[in-house]
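Q: See final-v9.pdb below, with PDB, C-alpha atoms.
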ATOM      1  CA  LYS A 236     -13.124 100.181 -27.819
ATOM      2  CA  LEU A 237     -13.119  98.765 -24.326
ATOM      3  CA  LEU A 238     -10.842  96.630 -22.223
ATOM      4  CA  GLU A 239     -11.588  94.947 -18.926
ATOM      5  CA  GLU A 240      -9.737  96.603 -16.072
ATOM      6  CA  GLU A 241      -7.227  94.335 -14.374
ATOM      7  CA  GLY A 242      -6.466  94.198 -10.695
ATOM      8  CA  ASP A 243      -8.394  93.564  -7.496
ATOM      9  CA  ASP A 244     -11.473  95.219  -6.078
ATOM     10  CA  GLU A 245     -11.677  96.750  -2.614
ATOM     11  CA  GLU A 246     -12.339  93.345  -1.051
ATOM     12  CA  GLY A 247      -9.290  91.764  -2.636
ATOM     13  CA  GLY A 248     -11.110  89.844  -5.371
ATOM     14  CA  PRO A 249     -10.695  90.255  -9.108
ATOM     15  CA  ARG A 250     -12.737  92.971 -10.774
ATOM     16  CA  VAL A 251     -15.537  91.641 -12.953
ATOM     17  CA  GLY A 252     -17.490  93.595 -15.532
ATOM     18  CA  ARG A 253     -15.627  96.914 -15.084
ATOM     19  CA  ARG A 254     -14.375  98.496 -18.255
ATOM     20  CA  ARG A 255     -12.213 101.440 -19.140
ATOM     21  CA  SER A 256     -12.102 103.299 -22.419
ATOM     22  CA  ILE A 257      -8.949 103.244 -24.527
ATOM     23  CA  GLY A 258      -7.877 105.591 -27.292
ATOM     24  CA  LYS A 259      -8.420 105.167 -30.998
ATOM     25  CA  GLY A 260      -4.888 103.819 -31.383
ATOM     26  CA  GLY A 261      -5.321 101.259 -28.645
ATOM     27  CA  ALA A 262      -5.243  97.498 -28.986
ATOM     28  CA  ALA A 263      -8.139  95.499 -30.418
ATOM     29  CA  ALA A 264     -10.977  94.740 -28.020
ATOM     30  CA  ALA A 265     -10.470  91.766 -25.745
ATOM     31  CA  LEU A 266     -13.969  90.484 -25.116
ATOM     32  CA  ALA A 267     -15.245  87.405 -23.361
ATOM     33  CA  ALA A 268     -16.169  84.806 -25.980
ATOM     34  CA  ASP A 269     -17.779  81.389 -25.809
ATOM     35  CA  ASP A 270     -14.788  79.751 -27.431
ATOM     36  CA  GLU A 271     -11.293  80.456 -28.694
ATOM     37  CA  GLU A 272     -12.422  80.738 -32.300
ATOM     38  CA  ASP A 273     -14.744  83.632 -31.486
ATOM     39  CA  TYR A 274     -12.025  85.321 -29.437
ATOM     40  CA  TRP A 275      -9.490  85.250 -32.252
ATOM     41  CA  ALA A 276     -12.104  86.286 -34.784
ATOM     42  CA  LEU A 277     -12.682  89.401 -32.689
ATOM     43  CA  ARG A 278      -9.001  90.045 -32.071
ATOM     44  CA  CYS A 279      -7.812  89.552 -35.639
ATOM     45  CA  GLY A 280     -10.887  90.733 -37.512
ATOM     46  CA  PHE A 281     -13.191  88.872 -39.863
ATOM     47  CA  SER A 282     -14.683  89.400 -43.273
ATOM     48  CA  MET A 283     -18.272  89.340 -44.429
ATOM     49  CA  GLU A 284     -17.461  86.154 -46.327
ATOM     50  CA  GLN A 285     -16.450  84.481 -43.070
ATOM     51  CA  ALA A 286     -19.628  85.792 -41.466
ATOM     52  CA  ARG A 287     -21.726  84.335 -44.297
ATOM     53  CA  ILE A 288     -20.041  80.957 -43.887
ATOM     54  CA  GLN A 289     -20.801  81.080 -40.168
ATOM     55  CA  ALA A 290     -24.448  81.909 -40.906
ATOM     56  CA  ASP A 291     -24.723  79.068 -43.414
ATOM     57  CA  GLU A 292     -23.297  76.567 -40.922
ATOM     58  CA  GLU A 293     -25.687  77.635 -38.160
ATOM     59  CA  HIS A 294     -28.585  77.609 -40.616
ATOM     60  CA  GLU A 295     -27.843  73.987 -41.524
ATOM     61  CA  VAL A 296     -27.918  73.046 -37.845
ATOM     62  CA  ALA A 297     -31.286  74.766 -37.437
ATOM     63  CA  LYS A 298     -32.718  73.038 -40.525
ATOM     64  CA  SER A 299     -31.658  69.611 -39.252
ATOM     65  CA  LYS A 300     -33.937  69.799 -36.197
ATOM     66  CA  THR A 301     -37.424  68.320 -36.244
ATOM     67  CA  PRO A 302     -40.424  70.343 -35.036
ATOM     68  CA  GLN A 303     -40.581  68.202 -31.906
ATOM     69  CA  GLN A 304     -36.911  68.874 -31.139
ATOM     70  CA  VAL A 305     -37.499  72.609 -31.544
ATOM     71  CA  LEU A 306     -40.440  72.460 -29.137
ATOM     72  CA  VAL A 307     -38.359  70.543 -26.587
ATOM     73  CA  ASP A 308     -35.625  73.181 -26.864
ATOM     74  CA  MET A 309     -38.221  75.854 -26.054
ATOM     75  CA  GLN A 310     -39.386  73.918 -23.015
ATOM     76  CA  LYS A 311     -35.806  73.548 -21.808
ATOM     77  CA  GLY A 312     -35.173  77.254 -22.287
ATOM     78  CA  ASN A 313     -38.233  78.157 -20.250
ATOM     79  CA  ALA A 314     -37.164  75.722 -17.528
ATOM     80  CA  ARG A 315     -33.781  77.482 -17.324
ATOM     81  CA  PHE A 316     -35.603  80.818 -17.032
ATOM     82  CA  TRP A 317     -37.999  79.959 -14.222
ATOM     83  CA  MET A 318     -35.345  77.981 -12.327
ATOM     84  CA  GLY A 319     -33.057  81.027 -12.325
ATOM     85  CA  MET A 320     -30.457  79.300 -14.525
ATOM     86  CA  ALA A 321     -30.942  81.310 -17.719
ATOM     87  CA  GLN A 322     -27.901  81.372 -19.990
ATOM     88  CA  ARG A 323     -28.830  84.735 -21.537
ATOM     89  CA  PRO A 324     -27.410  83.702 -24.924
ATOM     90  CA  GLU A 325     -25.972  86.932 -26.271
ATOM     91  CA  LYS A 326     -24.248  86.840 -29.635
ATOM     92  CA  THR A 327     -20.608  87.756 -30.098
ATOM     93  CA  ALA A 328     -19.702  90.502 -32.560
ATOM     94  CA  PHE A 329     -18.806  87.799 -35.098
ATOM     95  CA  GLN A 330     -22.164  86.042 -34.673
ATOM     96  CA  ARG A 331     -24.067  89.317 -34.914
ATOM     97  CA  ARG A 332     -22.310  90.108 -38.169
ATOM     98  CA  ALA A 333     -23.233  86.661 -39.470
ATOM     99  CA  LEU A 334     -26.888  87.539 -38.908
ATOM    100  CA  ILE A 335     -26.648  90.412 -41.396
ATOM    101  CA  SER A 336     -26.892  88.050 -44.352
ATOM    102  CA  LYS A 337     -29.893  85.994 -43.218
ATOM    103  CA  GLN A 338     -32.240  84.993 -40.423
ATOM    104  CA  TYR A 339     -33.206  81.410 -39.667
ATOM    105  CA  PRO A 340     -35.470  81.252 -36.604
ATOM    106  CA  SER A 341     -37.009  77.872 -35.858
ATOM    107  CA  VAL A 342     -40.004  79.264 -33.966
ATOM    108  CA  ALA A 343     -42.678  81.878 -34.657
ATOM    109  CA  ILE A 344     -44.587  83.149 -31.642
ATOM    110  CA  LEU A 345     -47.746  85.220 -31.522
ATOM    111  CA  GLY A 346     -47.729  86.698 -28.036
ATOM    112  CA  CYS A 347     -49.249  89.595 -26.155
ATOM    113  CA  SER A 348     -47.875  93.150 -26.176
ATOM    114  CA  ASP A 349     -47.880  93.176 -22.369
ATOM    115  CA  SER A 350     -44.580  94.561 -21.060
ATOM    116  CA  ARG A 351     -44.350  91.723 -18.523
ATOM    117  CA  VAL A 352     -44.114  89.092 -21.244
ATOM    118  CA  PRO A 353     -40.739  89.508 -23.001
ATOM    119  CA  THR A 354     -40.794  86.430 -25.207
ATOM    120  CA  GLU A 355     -37.091  85.825 -25.852
ATOM    121  CA  ILE A 356     -36.258  86.212 -22.159
ATOM    122  CA  ILE A 357     -39.003  83.795 -21.054
ATOM    123  CA  PHE A 358     -37.571  81.105 -23.336
ATOM    124  CA  ASP A 359     -33.922  82.039 -22.728
ATOM    125  CA  GLN A 360     -33.298  82.697 -26.423
ATOM    126  CA  GLY A 361     -31.039  85.146 -28.205
ATOM    127  CA  LEU A 362     -30.796  87.206 -31.378
ATOM    128  CA  GLY A 363     -32.206  85.466 -34.436
ATOM    129  CA  ASP A 364     -33.660  82.516 -32.512
ATOM    130  CA  MET A 365     -37.333  83.496 -32.629
ATOM    131  CA  PHE A 366     -39.680  85.316 -35.002
ATOM    132  CA  VAL A 367     -41.965  87.217 -32.629
ATOM    133  CA  ILE A 368     -45.270  88.987 -33.275
ATOM    134  CA  ARG A 369     -46.800  90.776 -30.295
ATOM    135  CA  VAL A 370     -50.300  92.267 -30.260
ATOM    136  CA  ALA A 371     -52.751  92.948 -27.432
ATOM    137  CA  GLY A 372     -54.600  89.752 -26.619
ATOM    138  CA  ASN A 373     -52.325  87.660 -28.900
ATOM    139  CA  CYS A 374     -55.097  87.558 -31.499
ATOM    140  CA  LEU A 375     -55.065  86.909 -35.218
ATOM    141  CA  GLN A 376     -56.799  88.682 -38.087
ATOM    142  CA  LEU A 377     -59.643  90.882 -36.917
ATOM    143  CA  GLN A 378     -62.481  91.533 -39.365
ATOM    144  CA  GLN A 379     -64.295  94.708 -38.371
ATOM    145  CA  ASP A 380     -67.324  94.144 -40.605
ATOM    146  CA  PRO A 381     -68.428  90.493 -41.030
ATOM    147  CA  SER A 382     -70.098  91.323 -44.362
ATOM    148  CA  ALA A 383     -67.016  93.039 -45.791
ATOM    149  CA  ASP A 384     -64.869  91.675 -48.598
ATOM    150  CA  PRO A 385     -61.871  89.864 -46.941
ATOM    151  CA  VAL A 386     -59.554  91.575 -49.416
ATOM    152  CA  ASP A 387     -60.718  95.010 -48.282
ATOM    153  CA  THR A 388     -57.864  96.038 -45.991
ATOM    154  CA  GLY A 389     -59.999  98.854 -44.645
ATOM    155  CA  SER A 390     -62.242  96.277 -42.978
ATOM    156  CA  VAL A 391     -59.694  93.587 -42.096
ATOM    157  CA  ASP A 392     -56.444  93.628 -40.176
ATOM    158  CA  ASN A 393     -54.320  91.048 -41.984
ATOM    159  CA  THR A 394     -50.927  92.009 -40.608
ATOM    160  CA  THR A 395     -50.723  89.424 -37.824
ATOM    161  CA  SER A 396     -51.794  86.512 -40.009
ATOM    162  CA  ALA A 397     -49.526  87.726 -42.807
ATOM    163  CA  SER A 398     -46.552  87.835 -40.435
ATOM    164  CA  LEU A 399     -47.118  84.228 -39.371
ATOM    165  CA  GLN A 400     -47.631  83.143 -42.981
ATOM    166  CA  TYR A 401     -44.305  84.758 -43.873
ATOM    167  CA  ALA A 402     -42.573  82.916 -41.043
ATOM    168  CA  VAL A 403     -43.950  79.557 -42.194
ATOM    169  CA  LYS A 404     -43.714  80.053 -45.959
ATOM    170  CA  HIS A 405     -40.377  81.844 -46.261
ATOM    171  CA  LEU A 406     -38.461  81.417 -43.001
ATOM    172  CA  LYS A 407     -39.508  77.757 -42.728
ATOM    173  CA  VAL A 408     -40.106  77.849 -38.983
ATOM    174  CA  LYS A 409     -40.792  74.452 -37.439
ATOM    175  CA  VAL A 410     -43.097  75.553 -34.607
ATOM    176  CA  VAL A 411     -45.820  78.205 -34.350
ATOM    177  CA  VAL A 412     -46.851  79.144 -30.811
ATOM    178  CA  ILE A 413     -49.877  81.195 -29.753
ATOM    179  CA  MET A 414     -49.066  82.317 -26.209
ATOM    180  CA  GLY A 415     -51.378  83.987 -23.735
ATOM    181  CA  HIS A 416     -50.476  84.954 -20.206
ATOM    182  CA  GLU A 417     -51.713  85.361 -16.671
ATOM    183  CA  GLY A 418     -53.506  88.643 -16.020
ATOM    184  CA  CYS A 419     -54.057  89.601 -19.666
ATOM    185  CA  GLY A 420     -55.691  93.043 -19.651
ATOM    186  CA  ALA A 421     -57.114  92.686 -23.164
ATOM    187  CA  VAL A 422     -58.870  89.400 -22.391
ATOM    188  CA  LYS A 423     -60.168  90.792 -19.112
ATOM    189  CA  ALA A 424     -61.464  93.987 -20.746
ATOM    190  CA  SER A 425     -63.203  91.994 -23.485
ATOM    191  CA  GLN A 426     -65.488  90.552 -20.794
ATOM    192  CA  LEU A 427     -66.766  93.974 -19.711
ATOM    193  CA  PRO A 428     -70.343  94.969 -20.543
ATOM    194  CA  LEU A 429     -70.769  96.059 -24.163
ATOM    195  CA  GLU A 430     -71.761  99.503 -22.942
ATOM    196  CA  ALA A 431     -68.365  99.932 -21.314
ATOM    197  CA  ILE A 432     -66.528  98.597 -24.371
ATOM    198  CA  GLY A 433     -68.499 101.038 -26.520
ATOM    199  CA  LYS A 434     -66.820 103.954 -24.739
ATOM    200  CA  GLU A 435     -63.358 102.908 -25.970
ATOM    201  CA  PRO A 436     -61.707 104.223 -29.178
ATOM    202  CA  ALA A 437     -62.985 102.575 -32.351
ATOM    203  CA  CYS A 438     -60.013 100.283 -33.024
ATOM    204  CA  LEU A 439     -59.870  99.144 -29.406
ATOM    205  CA  GLN A 440     -63.605  98.393 -29.511
ATOM    206  CA  TYR A 441     -63.084  96.125 -32.515
ATOM    207  CA  LEU A 442     -60.240  94.327 -30.762
ATOM    208  CA  LEU A 443     -62.189  93.719 -27.558
ATOM    209  CA  LYS A 444     -65.350  92.636 -29.366
ATOM    210  CA  GLY A 445     -63.327  90.266 -31.530
ATOM    211  CA  LEU A 446     -61.787  88.655 -28.449
ATOM    212  CA  ARG A 447     -65.144  88.574 -26.687
ATOM    213  CA  GLY A 448     -66.747  86.624 -29.522
ATOM    214  CA  GLY A 449     -64.462  83.639 -28.974
ATOM    215  CA  LEU A 450     -64.622  83.403 -25.188
ATOM    216  CA  ASN A 451     -67.952  81.640 -24.509
ATOM    217  CA  LEU A 452     -68.916  83.989 -21.684
ATOM    218  CA  GLY A 453     -71.729  81.732 -20.531
ATOM    219  CA  ARG A 454     -69.310  78.949 -19.704
ATOM    220  CA  LEU A 455     -66.770  81.308 -18.153
ATOM    221  CA  SER A 456     -69.427  82.808 -15.858
ATOM    222  CA  LYS A 457     -69.603  79.446 -14.063
ATOM    223  CA  VAL A 458     -65.934  79.699 -13.007
ATOM    224  CA  LYS A 459     -66.146  81.622  -9.734
ATOM    225  CA  ASP A 460     -62.548  81.543  -8.487
ATOM    226  CA  ALA A 461     -60.834  84.691  -9.813
ATOM    227  CA  LYS A 462     -57.480  83.077 -10.650
ATOM    228  CA  SER A 463     -59.111  80.102 -12.307
ATOM    229  CA  HIS A 464     -61.438  82.373 -14.268
ATOM    230  CA  ASP A 465     -58.497  84.448 -15.503
ATOM    231  CA  ARG A 466     -56.595  81.387 -16.681
ATOM    232  CA  GLU A 467     -59.624  79.764 -18.294
ATOM    233  CA  ALA A 468     -60.450  82.935 -20.229
ATOM    234  CA  VAL A 469     -56.901  83.306 -21.529
ATOM    235  CA  VAL A 470     -56.622  79.611 -22.427
ATOM    236  CA  THR A 471     -59.972  79.757 -24.236
ATOM    237  CA  ASN A 472     -58.730  82.712 -26.295
ATOM    238  CA  VAL A 473     -55.477  80.915 -27.136
ATOM    239  CA  LYS A 474     -57.380  77.832 -28.291
ATOM    240  CA  ARG A 475     -59.588  80.015 -30.471
ATOM    241  CA  GLN A 476     -56.540  81.546 -32.172
ATOM    242  CA  VAL A 477     -54.994  78.095 -32.728
ATOM    243  CA  GLU A 478     -58.259  76.955 -34.286
ATOM    244  CA  LYS A 479     -58.189  79.931 -36.653
ATOM    245  CA  LEU A 480     -54.788  78.783 -37.912
ATOM    246  CA  THR A 481     -56.168  75.320 -38.660
ATOM    247  CA  GLU A 482     -58.524  76.955 -41.175
ATOM    248  CA  ASP A 483     -55.572  78.260 -43.211
ATOM    249  CA  PRO A 484     -53.990  75.853 -45.740
ATOM    250  CA  VAL A 485     -50.680  77.734 -45.527
ATOM    251  CA  PHE A 486     -50.267  76.245 -42.057
ATOM    252  CA  MET A 487     -52.148  73.004 -42.373
ATOM    253  CA  ASP A 488     -50.289  71.823 -45.477
ATOM    254  CA  LYS A 489     -47.070  72.097 -43.469
ATOM    255  CA  VAL A 490     -48.645  70.365 -40.475
ATOM    256  CA  ARG A 491     -49.860  67.423 -42.574
ATOM    257  CA  SER A 492     -46.410  66.968 -44.108
ATOM    258  CA  GLY A 493     -44.804  66.871 -40.669
ATOM    259  CA  GLU A 494     -42.870  70.111 -41.201
ATOM    260  CA  LEU A 495     -44.771  72.177 -38.637
ATOM    261  CA  ILE A 496     -46.309  71.970 -35.181
ATOM    262  CA  ILE A 497     -48.847  74.547 -33.984
ATOM    263  CA  VAL A 498     -49.336  74.759 -30.241
ATOM    264  CA  GLY A 499     -50.980  76.953 -27.630
ATOM    265  CA  ALA A 500     -49.201  78.171 -24.512
ATOM    266  CA  PHE A 501     -49.973  79.918 -21.228
ATOM    267  CA  TYR A 502     -47.315  81.966 -19.437
ATOM    268  CA  GLU A 503     -47.786  82.259 -15.690
ATOM    269  CA  ILE A 504     -46.166  85.548 -14.715
ATOM    270  CA  SER A 505     -46.062  84.670 -11.024
ATOM    271  CA  SER A 506     -43.983  81.508 -11.529
ATOM    272  CA  GLY A 507     -42.318  82.083 -14.904
ATOM    273  CA  ILE A 508     -43.591  78.713 -16.167
ATOM    274  CA  VAL A 509     -45.020  78.237 -19.663
ATOM    275  CA  ASP A 510     -47.566  75.450 -20.123
ATOM    276  CA  PHE A 511     -48.101  74.061 -23.638
ATOM    277  CA  PHE A 512     -51.434  72.621 -24.803
ATOM    278  CA  HIS A 513     -53.789  72.177 -27.784
ATOM    279  CA  GLU A 514     -51.029  70.860 -30.041
ATOM    280  CA  VAL A 515     -51.753  70.488 -33.740
ATOM    281  CA  SER A 516     -49.316  68.148 -35.475
ATOM    282  CA  SER A 517     -49.319  65.446 -38.132
ATOM    283  CA  LYS A 518     -49.838  62.875 -35.367
ATOM    284  CA  SER A 519     -52.910  64.660 -34.038
ATOM    285  CA  LEU A 520     -54.725  64.775 -37.375
ATOM    286  CA  THR A 521     -57.519  62.273 -37.982
ATOM    287  CA  PRO A 522     -57.955  61.104 -41.602
ATOM    288  CA  GLY A 523     -61.289  62.023 -43.126
ATOM    289  CA  VAL A 524     -62.039  64.863 -40.707
ATOM    290  CA  SER A 525     -62.398  68.125 -42.623
ATOM    291  CA  SER A 526     -61.982  70.386 -39.603
ATOM    292  CA  LEU A 527     -59.775  69.440 -36.704
ATOM    293  CA  PHE A 528     -61.525  71.871 -34.360
ATOM    294  CA  PRO A 529     -65.099  72.472 -35.595
ATOM    295  CA  MET A 530     -66.431  75.741 -34.204
ATOM    296  CA  LYS A 531     -69.767  75.689 -32.382
TER     297      LYS A 531
END
Could you render the structure from this file as structure tokens?
A:
Amino acid sequence: KLLEEEGDDEEGGPRVGRRRSIGKGGAAAALAADDEEDYWALRCGFSMEQARIQADEEHEVAKSKTPQQVLVDMQKGNARFWMGMAQRPEKTAFQRRALISKQYPSVAILGCSDSRVPTEIIFDQGLGDMFVIRVAGNCLQLQQDPSADPVDTGSVDNTTSASLQYAVKHLKVKVVVIMGHEGCGAVKASQLPLEAIGKEPACLQYLLKGLRGGLNLGRLSKVKDAKSHDREAVVTNVKRQVEKLTEDPVFMDKVRSGELIIVGAFYEISSGIVDFFHEVSSKSLTPGVSSLFPMK
């Protein structure tokens, strides 16, 4: 257990963030809490039943939000991040215990594995707020052999798509985001000559070739500015992944009923800003059109 040290620092001001250890028989931890209720819950103890009630109450709040409200909350969180005003919402011990019984994220994000793109931090979110899948190139299911049976797991990587399906079907997320980012190494490598890609390990070859197939290299070759080319390639890949989701009834049934929004995003590492685009929602659907984004 820890207690904040009292007293002044060397400059005469109060000490902040310094802690000292106390013995096993010491007083209960006195921790900073968002409100008095959390403080007394920590000081006096709390039961799992109380934690479950807390989880149920927070779950009801999450369920009451519309997909558009959830998306606006994400935009606000990102604005706090890039403006240097992030709240860093860390859960209290009571709130963490409440999360044991259930999770109720409102957003599922397919992002890149890149270490410079920590999703929860970018959107200023905390524990239990987001269901995050991260893979190189933020890409969906990758079929290694186009002629293979889709059920043959030796030829298809279904894990990414399955994770998003779980989030939509069972966690009832309101928004699905496919997010690429500035300087994506996977997208850049997928544009290398096939001879160079062929020298990579087998699984990495499949990944890069899968990304390459959706980039439209002929069009990208006309973009000469390096920064613009990088962004256009990443955005093109994101759009391709969004379009793949529109082919899956698990997602589109929810979109048509107004329960889900699917949207693409681009994270600019240099500024911290996330741009949203290519939104798929009930309002964007046109009656009588079988495919929202026909592939050419």
Q: Quick check on the file I pasted: which residues fall under the PyMOL selection byres ((chain A and resi 402-415) around 8)? Write them as a PyMOL selection string.
A: chain A and resi 301-302+305-306+338-347+366+372-373+398-401+416-417+419+469-470+472-473+476-477+485-486+494-502
Q: Please provide as a count of residues only all residues within 6 Å of Ala333 in chain A, with the sequence filter that same-chain residues fewer than 3 positions apart are discarded (counting all atoms listed in the file).
A: 4
Q: Kindly give the distance, in Å, that separates CA of Val296 in chain A and CA of Arg332 in chain A, rounded to a single decimal.
A: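 Separating CA of Val296 in chain A from CA of Arg332 in chain A is a distance of 18.0 Å.
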Q: When the PyMOL selection byres ((chain A and resi 322-327) around 8) is applied to the structure above, which residues does it catch, written out as a list in words?
A: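 Written out, the selection comes to Ala268, Asp273, Arg315, Met320, Ala321, Ala328, Phe329, Gln330, Arg331, Ile356, Asp359, Gln360, Gly361 and Leu362 of chain A.
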Q: Could you check how far CA of Gln426 in chain A sits from CA of Leu452 in chain A, in Å to one decimal?
A: 7.5 Å
Q: What do you get, as a ChimeraX atom specification, if you spell out every residue that the PyMOL selection byres ((chain A and resi 504-509) around 9) selects here?
A: /A:310,313-314,316-318,351-352,357-358,414,416-418,500-503,510-511
Q: Just the number, please: distance in Å from CA of Ser519 in chain A to CA of Arg491 in chain A, one decimal.
A: 9.5 Å
Q: Neighbouring residues of Leu375 in chain A were defined as those with any atom within 8 Å, considering all atoms listed in the file; residues of the same chain fewer than 6 positions away were excluded. Please report them as a list in words.
A: Asn393, Thr395, Ser396, Gln476 and Lys479 of chain A
Q: Name all residues at most 9 Å from Ala468 in chain A (count only C-alpha atoms; drop same-chain ones fewer than 3 positions away) and give them as a PyMOL selection string.
A: chain A and resi 422-423+450-452+455+463-465+471-473
Q: May I ask which of the residues A:Leu439, A:Val490, A:Val367, A:Leu334 is the closest one to Glu292 in chain A, counting only C-alpha atoms?
A: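 Under the stated criterion, the closest residue is A:Leu334.
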Q: Which residues, written as a VMD selection string, have at least one atom at most 9 Å from Ser348 in chain A, with all atoms listed in the file counted and residues fewer than 5 positions away on the same chain left out?
A: chain A and resid 353 368 to 373
